[in-house]
There are 2 protein chains.
Amino acid sequence: MKKFINEIDHLLDESLDGFAVAHRDIISLHREPTFITRSTPPQANKVALISGGGSGHEPLHAGFVGAGLLDAACPGQVFTSPTPDQMMAAAEQVENGAGVLFIVKNYAGDVMNFEIAAEMLDCANESILVNDDVSLPKDHEAGRRGVAGTFVVEKIVGAAAEQGADLATCKQLGEKVINATATMGVALDSCTVPAIGKPTFKLTEEQMEMGVGIHGEMGRETMKLTTAQEISNYICEIINAELKPDNNQKALLHINGFGATPLMELYLIFHHAATYWQDKGIDICRSLVGNYTTSLDMAGCSITLTIMDDELIPLWDAPSHSAAYKS
Amino acid sequence: MKKFINEIDHLLDESLDGFAVAHRDIISLHREPTFITRSTPPQANKVALISGGGSGHEPLHAGFVGAGLLDAACPGQVFTSPTPDQMMAAAEQVENGAGVLFIVKNYAGDVMNFEIAAEMLDCANESILVNDDVSLPKDHEAGRRGVAGTFVVEKIVGAAAEQGADLATCKQLGEKVINATATMGVALDSCTVPAIGKPTFKLTEEQMEMGVGIHGEMGRETMKLTTAQEISNYICEIINAELKPDNNQKALLHINGFGATPLMELYLIFHHAATYWQDKGIDICRSLVGNYTTSLDMAGCSITLTIMDDELIPLWDAPSHSAAYKS
């Protein structure tokens with residue numbers, strides 16, 4: 001394992017120390033328990049948006065704390081859920097009269113710990129569960145995983161909350177975005193979790209892992225590596241069958257890098273995915289290409305499509321100011 | 001070689017097609033010859049800033065075309081200089097009465113081709129040569145390479161040009177930033193150039209390449225891999241000896257990822273580098289952490305320090321709007 005690291009036990013803390021100093025104009029780092037808030041609190045009576053999850057997916061979520069986006073993020077250890085005391089402390093810090101909306105990715109540990117926090121909190125709170133990964137069947141026993149579509153939910157709900165939407169409206173809007181969003185990923189090479197020290201899975205030079213999760217979970221199937229266009233078309237077909245966009249609908253297309261794939265290749269995938277939907281009469285009216293929901297140093301990418309409408313587009317376009325995303 | 005690619009000969013074109021569609025609100029792609037300009041031209045009589053170089057360093061340079069930054073970028077094939085006809089066509093397109101400033105990274109091919117273009121152009125033009133890589137000695141026969149400090153030059157000169165600075169002022173300012181900037185990189189693993197299909201260099205599990213260039217050029221020495229703190233201190237010492245910042249001076253600290261290193265590790269390096277200079281009484285007043293000048297899928301990072309002052313800080317902070325950087 002070759003990483004920039006001192007001791008594995010200190011990786012997250014030292015990294016957060018760097019993050020906190022680098023972005024002290026935007027965020028504040030709190031300790032014991034660990035969470036991140038905006039350095040400048042928003043106006044009173046704004047719904048507080050809180051997300052979190054295991055680390056190793058940076059810039060998700062801490063990189064999206066800021067005006068027009070999240071109010072707080074709770075980072076767990078690498079690929080490990082944060083604990084309820086983190087969500088509770090964050091909620092108590094940022095709740096300012098309009099309640100708290102938790103944005104939770106669908107993983108058993110995250111779901112359980114956010115639920116415990118939600119039950120123990122005195123203030124009004126709601127949760128939404130992001131489960132955009134269509135590589136698993138809809139009736140999978142643990143449900144579908146939350147992956148790169150999470151940022152799209154955070155951005156759109158973040159804009160609505162900033163504009164004064166109430167808790168019920170934010171929750172309803174979040175669920176609308178989740179229903180309009182589907183993602184599927186493919187890995188060319190595994191990530192290496194620092195505490196484990198070796199790759200999570202092995203592929204030959206001829207293989208790719210189709211439908212991989214953002215922790216290197218095995219996906220639909222291990223397939224023979226093929227051209228970028230065939231890979232893109234394979235994923236787009238599955239997403240398209242799921243969302244069934246109508247001719248002339250508008251959509252946001254997000255190509256997310258998992259960490260080790262060059263931007264050049266992500267734009268090449270964007271080209272093919274955009275062409276796929278344009279050929280079906282879909283207007284790819286908004287785009288996002290880059291490393292937003294990573295899996296440490298995994299090579300690969302995911303394709304996310306969100307069906308947009310006249311309500312969602314202005315919210316996507318609304319101003320935001322965080323460490324990793326500005327609009 | 002595992003990459004999202006169709007045919008190697010089409011990689012750049014297909015990737016640029018994706019870039020052009022994804023960012024059509026910000027940039028326009030021109031063909032035969034290939035260059036990228038802002039989709040909305042700036043006000044008249046603004047100095048036109050043009051950069052370019054081999055591809056594979058994305059988002060540099062095309063990702064920095066936009067308001068407050070570059071007017072045009074000329075991408076060559078992977079790790080290959082663009083040709084003079086690209087710079088000439090770009091210059092003729094974007095020159096609008098105040099001349100052209102070429103921002104050139106110090107590589108023999110780039111220098112030669114930008115010089116040919118400059119000589120053949122009818123309009124007023126000047127060039128600045130970025131050579132911030134202090135891993136090579138100052139008197140190296142080919143001069144020092146231009147690496148991650150290039151973006152700092154583009155951002156600061158871009159702001160000045162946008163505010164109406166004339167050609168001589170932009171050139172002088174660029175040279176000031178270059179003199180105030182030093183960078184050094186370290187690789188943990190090689191990149192793989194698509195047309196070659198195998199890693200550019202080989203390291204064992206115990207080795208790192210100190211002073212590596214952004215094309216995987218061998219650096220100062222192949223060293224034994226050590227802790228992040230020791231790696232950071234080693235590089236900071238060399239940069240510090242070069243720039244000799246005075247106690248109480250202000251500086252911008254840029255940790256640049258080469259492509260395959262997680263953001264978590266880049267922030268950890270930022271933490272150590274910031275601490276190094278803070279302990280010397282330097283005020284790390286601005287920061288930039290992420291993948292800005294990449295080397296395809298190379299694992300590693302560089303540390304860049306730019307000594308700032310009351311002229312440079314407001315220019316760094318000035319508004320900008322490009323595909324890869326917004327402020």
# chains A, B, ... in the order shown; residues from 1 in each chain; ligands from 1
>>> interface_residues(of="chain B", to="chain A", cutoff="7 Å", atoms="only C-alpha atoms", output="PyMOL selection string")
chain B and resi 2+4-6+14-15+17-19+22+56+58+188+205+227-229+259-265+267-268+270-271+287+296-297+326
>>> write_last_selection(atoms="N, CA, C and O atoms", output="compact mmCIF listing (two decimals), in the first residue's frame")
# COMPACT_ATOMS: atom_id res chain seq x y z
N LYS B 2 -5.62 -0.20 -18.55
CA LYS B 2 -7.07 -0.19 -18.40
C LYS B 2 -7.56 1.25 -18.37
O LYS B 2 -7.32 1.97 -17.40
N PHE B 4 -10.82 4.09 -19.95
CA PHE B 4 -12.06 4.32 -20.69
C PHE B 4 -11.68 4.99 -22.01
O PHE B 4 -11.40 6.19 -22.05
N ILE B 5 -11.64 4.20 -23.05
CA ILE B 5 -11.08 4.67 -24.30
C ILE B 5 -11.70 3.84 -25.42
O ILE B 5 -12.13 2.70 -25.19
N ASN B 6 -11.79 4.42 -26.60
CA ASN B 6 -12.20 3.63 -27.75
C ASN B 6 -10.95 3.33 -28.58
O ASN B 6 -10.33 2.30 -28.39
N GLU B 14 -12.59 12.88 -28.79
CA GLU B 14 -13.84 12.49 -28.14
C GLU B 14 -13.97 13.14 -26.77
O GLU B 14 -15.06 13.52 -26.35
N SER B 15 -12.84 13.25 -26.08
CA SER B 15 -12.86 13.88 -24.76
C SER B 15 -13.20 15.37 -24.89
O SER B 15 -14.02 15.89 -24.12
N ASP B 17 -14.92 16.69 -27.28
CA ASP B 17 -16.34 16.77 -27.63
C ASP B 17 -17.19 16.76 -26.37
O ASP B 17 -18.16 17.52 -26.25
N GLY B 18 -16.85 15.87 -25.43
CA GLY B 18 -17.59 15.82 -24.17
C GLY B 18 -17.43 17.11 -23.38
O GLY B 18 -18.41 17.68 -22.87
N PHE B 19 -16.20 17.60 -23.31
CA PHE B 19 -15.92 18.85 -22.58
C PHE B 19 -16.73 20.00 -23.17
O PHE B 19 -17.31 20.81 -22.44
N ALA B 22 -20.47 19.56 -22.27
CA ALA B 22 -20.70 19.71 -20.83
C ALA B 22 -20.62 21.18 -20.40
O ALA B 22 -21.33 21.60 -19.50
N GLY B 56 -3.57 15.66 -21.01
CA GLY B 56 -3.25 14.71 -19.95
C GLY B 56 -3.03 15.39 -18.61
O GLY B 56 -2.80 14.72 -17.60
N GLU B 58 -5.38 17.65 -17.44
CA GLU B 58 -6.67 18.27 -17.19
C GLU B 58 -6.95 18.35 -15.68
O GLU B 58 -6.61 17.42 -14.97
N LEU B 188 4.11 8.41 -6.20
CA LEU B 188 4.09 7.10 -5.56
C LEU B 188 3.94 6.00 -6.60
O LEU B 188 4.27 4.85 -6.35
N GLU B 205 7.25 -1.30 -4.15
CA GLU B 205 6.27 -0.94 -3.11
C GLU B 205 6.89 -0.04 -2.04
O GLU B 205 6.18 0.56 -1.24
N THR B 227 6.95 8.62 5.84
CA THR B 227 5.66 9.15 6.28
C THR B 227 5.30 10.41 5.50
O THR B 227 6.16 11.11 4.97
N ALA B 228 4.01 10.71 5.50
CA ALA B 228 3.53 11.92 4.82
C ALA B 228 4.21 13.16 5.40
O ALA B 228 4.55 14.10 4.66
N GLN B 229 4.40 13.17 6.70
CA GLN B 229 5.01 14.34 7.33
C GLN B 229 6.45 14.51 6.86
O GLN B 229 6.89 15.63 6.56
N GLY B 259 -3.55 12.96 -9.96
CA GLY B 259 -4.64 12.27 -10.66
C GLY B 259 -5.21 11.11 -9.88
O GLY B 259 -6.41 10.90 -9.87
N ALA B 260 -4.36 10.33 -9.22
CA ALA B 260 -4.85 9.09 -8.60
C ALA B 260 -4.74 9.11 -7.08
O ALA B 260 -4.93 8.08 -6.44
N THR B 261 -4.44 10.26 -6.51
CA THR B 261 -4.29 10.34 -5.05
C THR B 261 -5.54 10.95 -4.43
O THR B 261 -5.97 12.03 -4.83
N PRO B 262 -6.15 10.25 -3.46
CA PRO B 262 -7.39 10.74 -2.85
C PRO B 262 -7.23 12.12 -2.20
O PRO B 262 -6.17 12.45 -1.67
N LEU B 263 -8.32 12.86 -2.24
CA LEU B 263 -8.38 14.19 -1.63
C LEU B 263 -8.01 14.13 -0.14
O LEU B 263 -7.38 15.06 0.38
N MET B 264 -8.41 13.06 0.52
CA MET B 264 -8.08 12.88 1.94
C MET B 264 -6.58 13.00 2.18
O MET B 264 -6.13 13.62 3.13
N GLU B 265 -5.80 12.37 1.30
CA GLU B 265 -4.34 12.42 1.46
C GLU B 265 -3.80 13.79 1.09
O GLU B 265 -2.84 14.27 1.68
N TYR B 267 -5.30 16.64 1.59
CA TYR B 267 -5.54 17.52 2.74
C TYR B 267 -4.59 17.19 3.89
O TYR B 267 -4.20 18.08 4.65
N LEU B 268 -4.22 15.94 4.02
CA LEU B 268 -3.24 15.57 5.04
C LEU B 268 -1.89 16.22 4.74
O LEU B 268 -1.23 16.78 5.62
N PHE B 270 -1.56 18.93 2.97
CA PHE B 270 -1.78 20.37 3.22
C PHE B 270 -1.56 20.68 4.69
O PHE B 270 -0.91 21.68 5.05
N HIS B 271 -2.11 19.84 5.56
CA HIS B 271 -1.96 20.05 7.01
C HIS B 271 -0.48 20.16 7.39
O HIS B 271 -0.08 21.09 8.11
N SER B 287 -5.41 29.15 0.02
CA SER B 287 -5.11 27.74 -0.19
C SER B 287 -5.80 27.22 -1.44
O SER B 287 -6.81 27.77 -1.89
N LEU B 296 -2.25 12.47 -15.99
CA LEU B 296 -3.10 11.31 -16.27
C LEU B 296 -3.45 10.62 -14.94
O LEU B 296 -4.04 11.25 -14.08
N ASP B 297 -3.03 9.36 -14.79
CA ASP B 297 -3.41 8.60 -13.59
C ASP B 297 -2.23 8.40 -12.65
O ASP B 297 -2.17 7.41 -11.92
N LYS B 326 -13.98 28.30 -10.05
CA LYS B 326 -14.90 29.44 -9.89
C LYS B 326 -14.55 30.14 -8.60
O LYS B 326 -14.26 29.50 -7.58
>>> residues_around(residues="A:Ala161", least_positions_apart="2", cutoff="12 Å", atoms="only C-alpha atoms", output="ChimeraX atom specification")
/A:42-50,67-71,98-101,153-159,163-174,315,318,320
>>> write_last_selection(atoms="N, CA, C and O atoms", output="compact mmCIF listing (two decimals), in the first residue's frame")
# COMPACT_ATOMS: atom_id res chain seq x y z
N PRO A 42 -26.32 30.45 8.52
CA PRO A 42 -27.31 31.05 7.62
C PRO A 42 -28.32 31.89 8.41
O PRO A 42 -28.25 31.96 9.63
N GLN A 43 -29.23 32.49 7.67
CA GLN A 43 -30.31 33.25 8.31
C GLN A 43 -31.14 32.35 9.24
O GLN A 43 -31.16 31.14 9.05
N ALA A 44 -31.80 32.96 10.22
CA ALA A 44 -32.63 32.18 11.16
C ALA A 44 -33.80 31.53 10.42
O ALA A 44 -34.19 31.97 9.33
N ASN A 45 -34.34 30.49 11.04
CA ASN A 45 -35.51 29.79 10.50
C ASN A 45 -35.29 29.21 9.12
O ASN A 45 -36.19 29.17 8.29
N LYS A 46 -34.08 28.75 8.88
CA LYS A 46 -33.79 27.99 7.66
C LYS A 46 -33.70 26.52 8.05
O LYS A 46 -33.07 26.18 9.04
N VAL A 47 -34.31 25.65 7.27
CA VAL A 47 -34.17 24.21 7.52
C VAL A 47 -32.69 23.85 7.48
O VAL A 47 -31.98 24.25 6.56
N ALA A 48 -32.24 23.13 8.51
CA ALA A 48 -30.82 22.73 8.58
C ALA A 48 -30.65 21.38 7.86
O ALA A 48 -31.29 20.40 8.22
N LEU A 49 -29.77 21.36 6.87
CA LEU A 49 -29.50 20.11 6.13
C LEU A 49 -28.22 19.49 6.65
O LEU A 49 -27.17 20.14 6.67
N ILE A 50 -28.32 18.24 7.05
CA ILE A 50 -27.16 17.53 7.60
C ILE A 50 -27.00 16.21 6.85
O ILE A 50 -27.96 15.47 6.67
N ALA A 67 -22.94 27.77 1.96
CA ALA A 67 -24.16 28.46 1.55
C ALA A 67 -24.79 27.78 0.35
O ALA A 67 -24.12 27.45 -0.63
N GLY A 68 -26.10 27.56 0.41
CA GLY A 68 -26.82 26.94 -0.69
C GLY A 68 -26.66 25.43 -0.75
O GLY A 68 -27.18 24.79 -1.66
N LEU A 69 -25.96 24.87 0.21
CA LEU A 69 -25.75 23.42 0.24
C LEU A 69 -26.01 22.93 1.67
O LEU A 69 -27.02 23.28 2.26
N LEU A 70 -25.11 22.13 2.22
CA LEU A 70 -25.34 21.56 3.56
C LEU A 70 -25.04 22.56 4.67
O LEU A 70 -24.21 23.47 4.51
N ASP A 71 -25.69 22.34 5.81
CA ASP A 71 -25.35 23.09 7.02
C ASP A 71 -24.31 22.36 7.84
O ASP A 71 -23.53 23.01 8.55
N ALA A 98 -36.22 25.91 12.25
CA ALA A 98 -37.07 25.33 11.19
C ALA A 98 -36.89 23.82 11.06
O ALA A 98 -37.37 23.22 10.11
N GLY A 99 -36.16 23.23 12.01
CA GLY A 99 -35.99 21.78 11.99
C GLY A 99 -34.79 21.33 11.17
O GLY A 99 -34.09 22.14 10.56
N VAL A 100 -34.58 20.02 11.20
CA VAL A 100 -33.40 19.42 10.58
C VAL A 100 -33.84 18.38 9.55
O VAL A 100 -34.74 17.57 9.83
N LEU A 101 -33.22 18.40 8.39
CA LEU A 101 -33.41 17.32 7.42
C LEU A 101 -32.10 16.56 7.28
O LEU A 101 -31.07 17.13 6.92
N VAL A 153 -29.02 15.52 -4.93
CA VAL A 153 -30.06 15.76 -3.91
C VAL A 153 -29.62 16.91 -2.99
O VAL A 153 -30.40 17.83 -2.71
N GLU A 154 -28.38 16.86 -2.54
CA GLU A 154 -27.90 17.89 -1.60
C GLU A 154 -27.95 19.28 -2.25
O GLU A 154 -28.32 20.26 -1.60
N LYS A 155 -27.57 19.36 -3.52
CA LYS A 155 -27.53 20.66 -4.20
C LYS A 155 -28.94 21.24 -4.36
O LYS A 155 -29.17 22.43 -4.09
N ILE A 156 -29.86 20.41 -4.81
CA ILE A 156 -31.21 20.92 -5.11
C ILE A 156 -31.97 21.23 -3.83
O ILE A 156 -32.58 22.31 -3.70
N VAL A 157 -31.92 20.33 -2.86
CA VAL A 157 -32.60 20.60 -1.59
C VAL A 157 -31.90 21.75 -0.86
O VAL A 157 -32.54 22.58 -0.22
N GLY A 158 -30.57 21.80 -0.99
CA GLY A 158 -29.82 22.90 -0.36
C GLY A 158 -30.28 24.25 -0.87
O GLY A 158 -30.42 25.20 -0.09
N ALA A 159 -30.53 24.35 -2.16
CA ALA A 159 -31.00 25.62 -2.73
C ALA A 159 -32.38 25.97 -2.21
O ALA A 159 -32.66 27.13 -1.87
N GLN A 163 -33.61 29.14 0.18
CA GLN A 163 -34.66 30.08 -0.25
C GLN A 163 -35.86 30.09 0.68
O GLN A 163 -36.85 30.78 0.42
N GLY A 164 -35.78 29.30 1.76
CA GLY A 164 -36.83 29.38 2.78
C GLY A 164 -37.88 28.29 2.77
O GLY A 164 -38.87 28.37 3.50
N ALA A 165 -37.67 27.24 1.96
CA ALA A 165 -38.63 26.13 1.96
C ALA A 165 -38.70 25.51 3.36
O ALA A 165 -37.69 25.42 4.04
N ASP A 166 -39.89 25.09 3.76
CA ASP A 166 -40.01 24.49 5.10
C ASP A 166 -39.61 23.02 5.09
O ASP A 166 -39.30 22.46 4.03
N LEU A 167 -39.62 22.41 6.28
CA LEU A 167 -39.10 21.06 6.42
C LEU A 167 -39.86 20.05 5.56
O LEU A 167 -39.25 19.22 4.88
N ALA A 168 -41.18 20.15 5.56
CA ALA A 168 -41.97 19.20 4.77
C ALA A 168 -41.69 19.37 3.28
O ALA A 168 -41.58 18.39 2.53
N THR A 169 -41.54 20.62 2.85
CA THR A 169 -41.26 20.88 1.43
C THR A 169 -39.88 20.36 1.04
O THR A 169 -39.70 19.77 -0.03
N CYS A 170 -38.90 20.57 1.93
CA CYS A 170 -37.54 20.07 1.64
C CYS A 170 -37.54 18.55 1.53
O CYS A 170 -36.90 17.98 0.64
N LYS A 171 -38.26 17.90 2.44
CA LYS A 171 -38.31 16.44 2.41
C LYS A 171 -38.98 15.94 1.12
O LYS A 171 -38.46 15.04 0.44
N GLN A 172 -40.08 16.56 0.79
CA GLN A 172 -40.82 16.17 -0.42
C GLN A 172 -39.96 16.40 -1.68
O GLN A 172 -39.93 15.57 -2.58
N LEU A 173 -39.28 17.54 -1.71
CA LEU A 173 -38.41 17.84 -2.84
C LEU A 173 -37.27 16.82 -2.94
O LEU A 173 -36.95 16.33 -4.04
N GLY A 174 -36.68 16.49 -1.80
CA GLY A 174 -35.60 15.49 -1.79
C GLY A 174 -36.08 14.17 -2.35
O GLY A 174 -35.38 13.52 -3.16
N LEU A 315 -33.21 25.50 -9.12
CA LEU A 315 -32.59 25.13 -7.84
C LEU A 315 -31.17 24.60 -8.07
O LEU A 315 -30.24 24.89 -7.32
N ALA A 318 -29.02 27.62 -8.70
CA ALA A 318 -28.96 28.64 -7.63
C ALA A 318 -27.55 28.74 -7.05
O ALA A 318 -26.79 27.77 -7.09
N SER A 320 -24.28 28.70 -4.85
CA SER A 320 -23.80 27.87 -3.75
C SER A 320 -22.32 28.16 -3.57
O SER A 320 -21.63 28.55 -4.52
>>> residues_around(residues="A:Thr222", least_positions_apart="3", cutoff="9 Å", atoms="only C-alpha atoms", output="CSV table (one decimal) with N, CA and C atoms, in the first residue's frame")
chain,number,residue,atom,x,y,z
A,203,LEU,N,-9.1,-7.7,-10.2
A,203,LEU,CA,-9.5,-7.9,-11.5
A,203,LEU,C,-8.3,-8.1,-12.4
A,207,GLN,N,-10.5,-7.4,-17.2
A,207,GLN,CA,-11.8,-7.3,-16.6
A,207,GLN,C,-12.2,-6.0,-16.0
A,208,MET,N,-13.5,-5.8,-15.9
A,208,MET,CA,-14.0,-4.6,-15.2
A,208,MET,C,-15.2,-5.1,-14.3
A,209,GLU,N,-15.4,-4.3,-13.3
A,209,GLU,CA,-16.5,-4.7,-12.3
A,209,GLU,C,-17.7,-3.8,-12.6
A,210,MET,N,-18.7,-4.3,-13.2
A,210,MET,CA,-19.9,-3.5,-13.6
A,210,MET,C,-20.9,-3.5,-12.5
A,211,GLY,N,-21.3,-2.3,-12.2
A,211,GLY,CA,-22.3,-2.1,-11.1
A,211,GLY,C,-21.6,-2.0,-9.7
A,218,MET,N,-18.8,-5.6,-4.8
A,218,MET,CA,-19.0,-6.2,-6.1
A,218,MET,C,-20.4,-5.8,-6.7
A,219,GLY,N,-20.4,-5.8,-8.0
A,219,GLY,CA,-21.6,-5.2,-8.6
A,219,GLY,C,-22.5,-6.3,-9.3
>>> residues_around(residues="A:Gly281", least_positions_apart="5", cutoff="10 Å", atoms="only C-alpha atoms", output="PDB file with N, CA, C and O atoms, in the first residue's frame")
ATOM      1  N   PRO A 245     -37.229   8.163 -19.299  1.00  0.00           N
ATOM      2  CA  PRO A 245     -37.506   9.568 -19.614  1.00  0.00           C
ATOM      3  C   PRO A 245     -38.313   9.685 -20.914  1.00  0.00           C
ATOM      4  O   PRO A 245     -38.111   8.896 -21.847  1.00  0.00           O
ATOM      5  N   ASP A 246     -39.220  10.638 -20.926  1.00  0.00           N
ATOM      6  CA  ASP A 246     -39.991  10.888 -22.144  1.00  0.00           C
ATOM      7  C   ASP A 246     -39.163  11.702 -23.123  1.00  0.00           C
ATOM      8  O   ASP A 246     -38.339  12.529 -22.730  1.00  0.00           O
ATOM      9  N   ASN A 247     -39.431  11.478 -24.378  1.00  0.00           N
ATOM     10  CA  ASN A 247     -38.905  12.309 -25.435  1.00  0.00           C
ATOM     11  C   ASN A 247     -39.137  13.784 -25.059  1.00  0.00           C
ATOM     12  O   ASN A 247     -40.193  14.129 -24.541  1.00  0.00           O
ATOM     13  N   ASN A 248     -38.105  14.616 -25.244  1.00  0.00           N
ATOM     14  CA  ASN A 248     -38.185  16.057 -24.966  1.00  0.00           C
ATOM     15  C   ASN A 248     -38.050  16.425 -23.500  1.00  0.00           C
ATOM     16  O   ASN A 248     -38.078  17.616 -23.168  1.00  0.00           O
ATOM     17  N   GLN A 249     -37.910  15.421 -22.612  1.00  0.00           N
ATOM     18  CA  GLN A 249     -37.643  15.794 -21.212  1.00  0.00           C
ATOM     19  C   GLN A 249     -36.223  16.328 -21.088  1.00  0.00           C
ATOM     20  O   GLN A 249     -35.348  16.045 -21.906  1.00  0.00           O
ATOM     21  N   LYS A 250     -36.008  17.088 -20.026  1.00  0.00           N
ATOM     22  CA  LYS A 250     -34.682  17.621 -19.759  1.00  0.00           C
ATOM     23  C   LYS A 250     -34.005  16.786 -18.678  1.00  0.00           C
ATOM     24  O   LYS A 250     -34.688  16.221 -17.817  1.00  0.00           O
ATOM     25  N   THR A 275     -24.534  11.664 -25.854  1.00  0.00           N
ATOM     26  CA  THR A 275     -24.984  11.288 -27.198  1.00  0.00           C
ATOM     27  C   THR A 275     -26.100  10.248 -27.123  1.00  0.00           C
ATOM     28  O   THR A 275     -27.094  10.323 -27.860  1.00  0.00           O
ATOM     29  N   TYR A 276     -25.929   9.280 -26.216  1.00  0.00           N
ATOM     30  CA  TYR A 276     -26.945   8.225 -26.046  1.00  0.00           C
ATOM     31  C   TYR A 276     -28.320   8.853 -25.797  1.00  0.00           C
ATOM     32  O   TYR A 276     -29.310   8.504 -26.439  1.00  0.00           O
TER      33      TYR A 276
END
>>> atom_distance(atom1="atom CA of A:Phe102", atom2="atom CA of A:Arg31")
20.0 Å
>>> select_by_dssp(residues="stretch 71-302 of chain A", states="strand (DSSP E or B)", output="PyMOL selection string")
chain A and resi 72-78+100-105+125-130+133+181-189+192+199+207-210+221-224+250-257+259+283-290+298-302
>>> closest_residue(among="B:Ile235, B:Pro314, B:Met184, B:Glu217", to="B:Ser302", atoms="only C-alpha atoms")
B:Met184
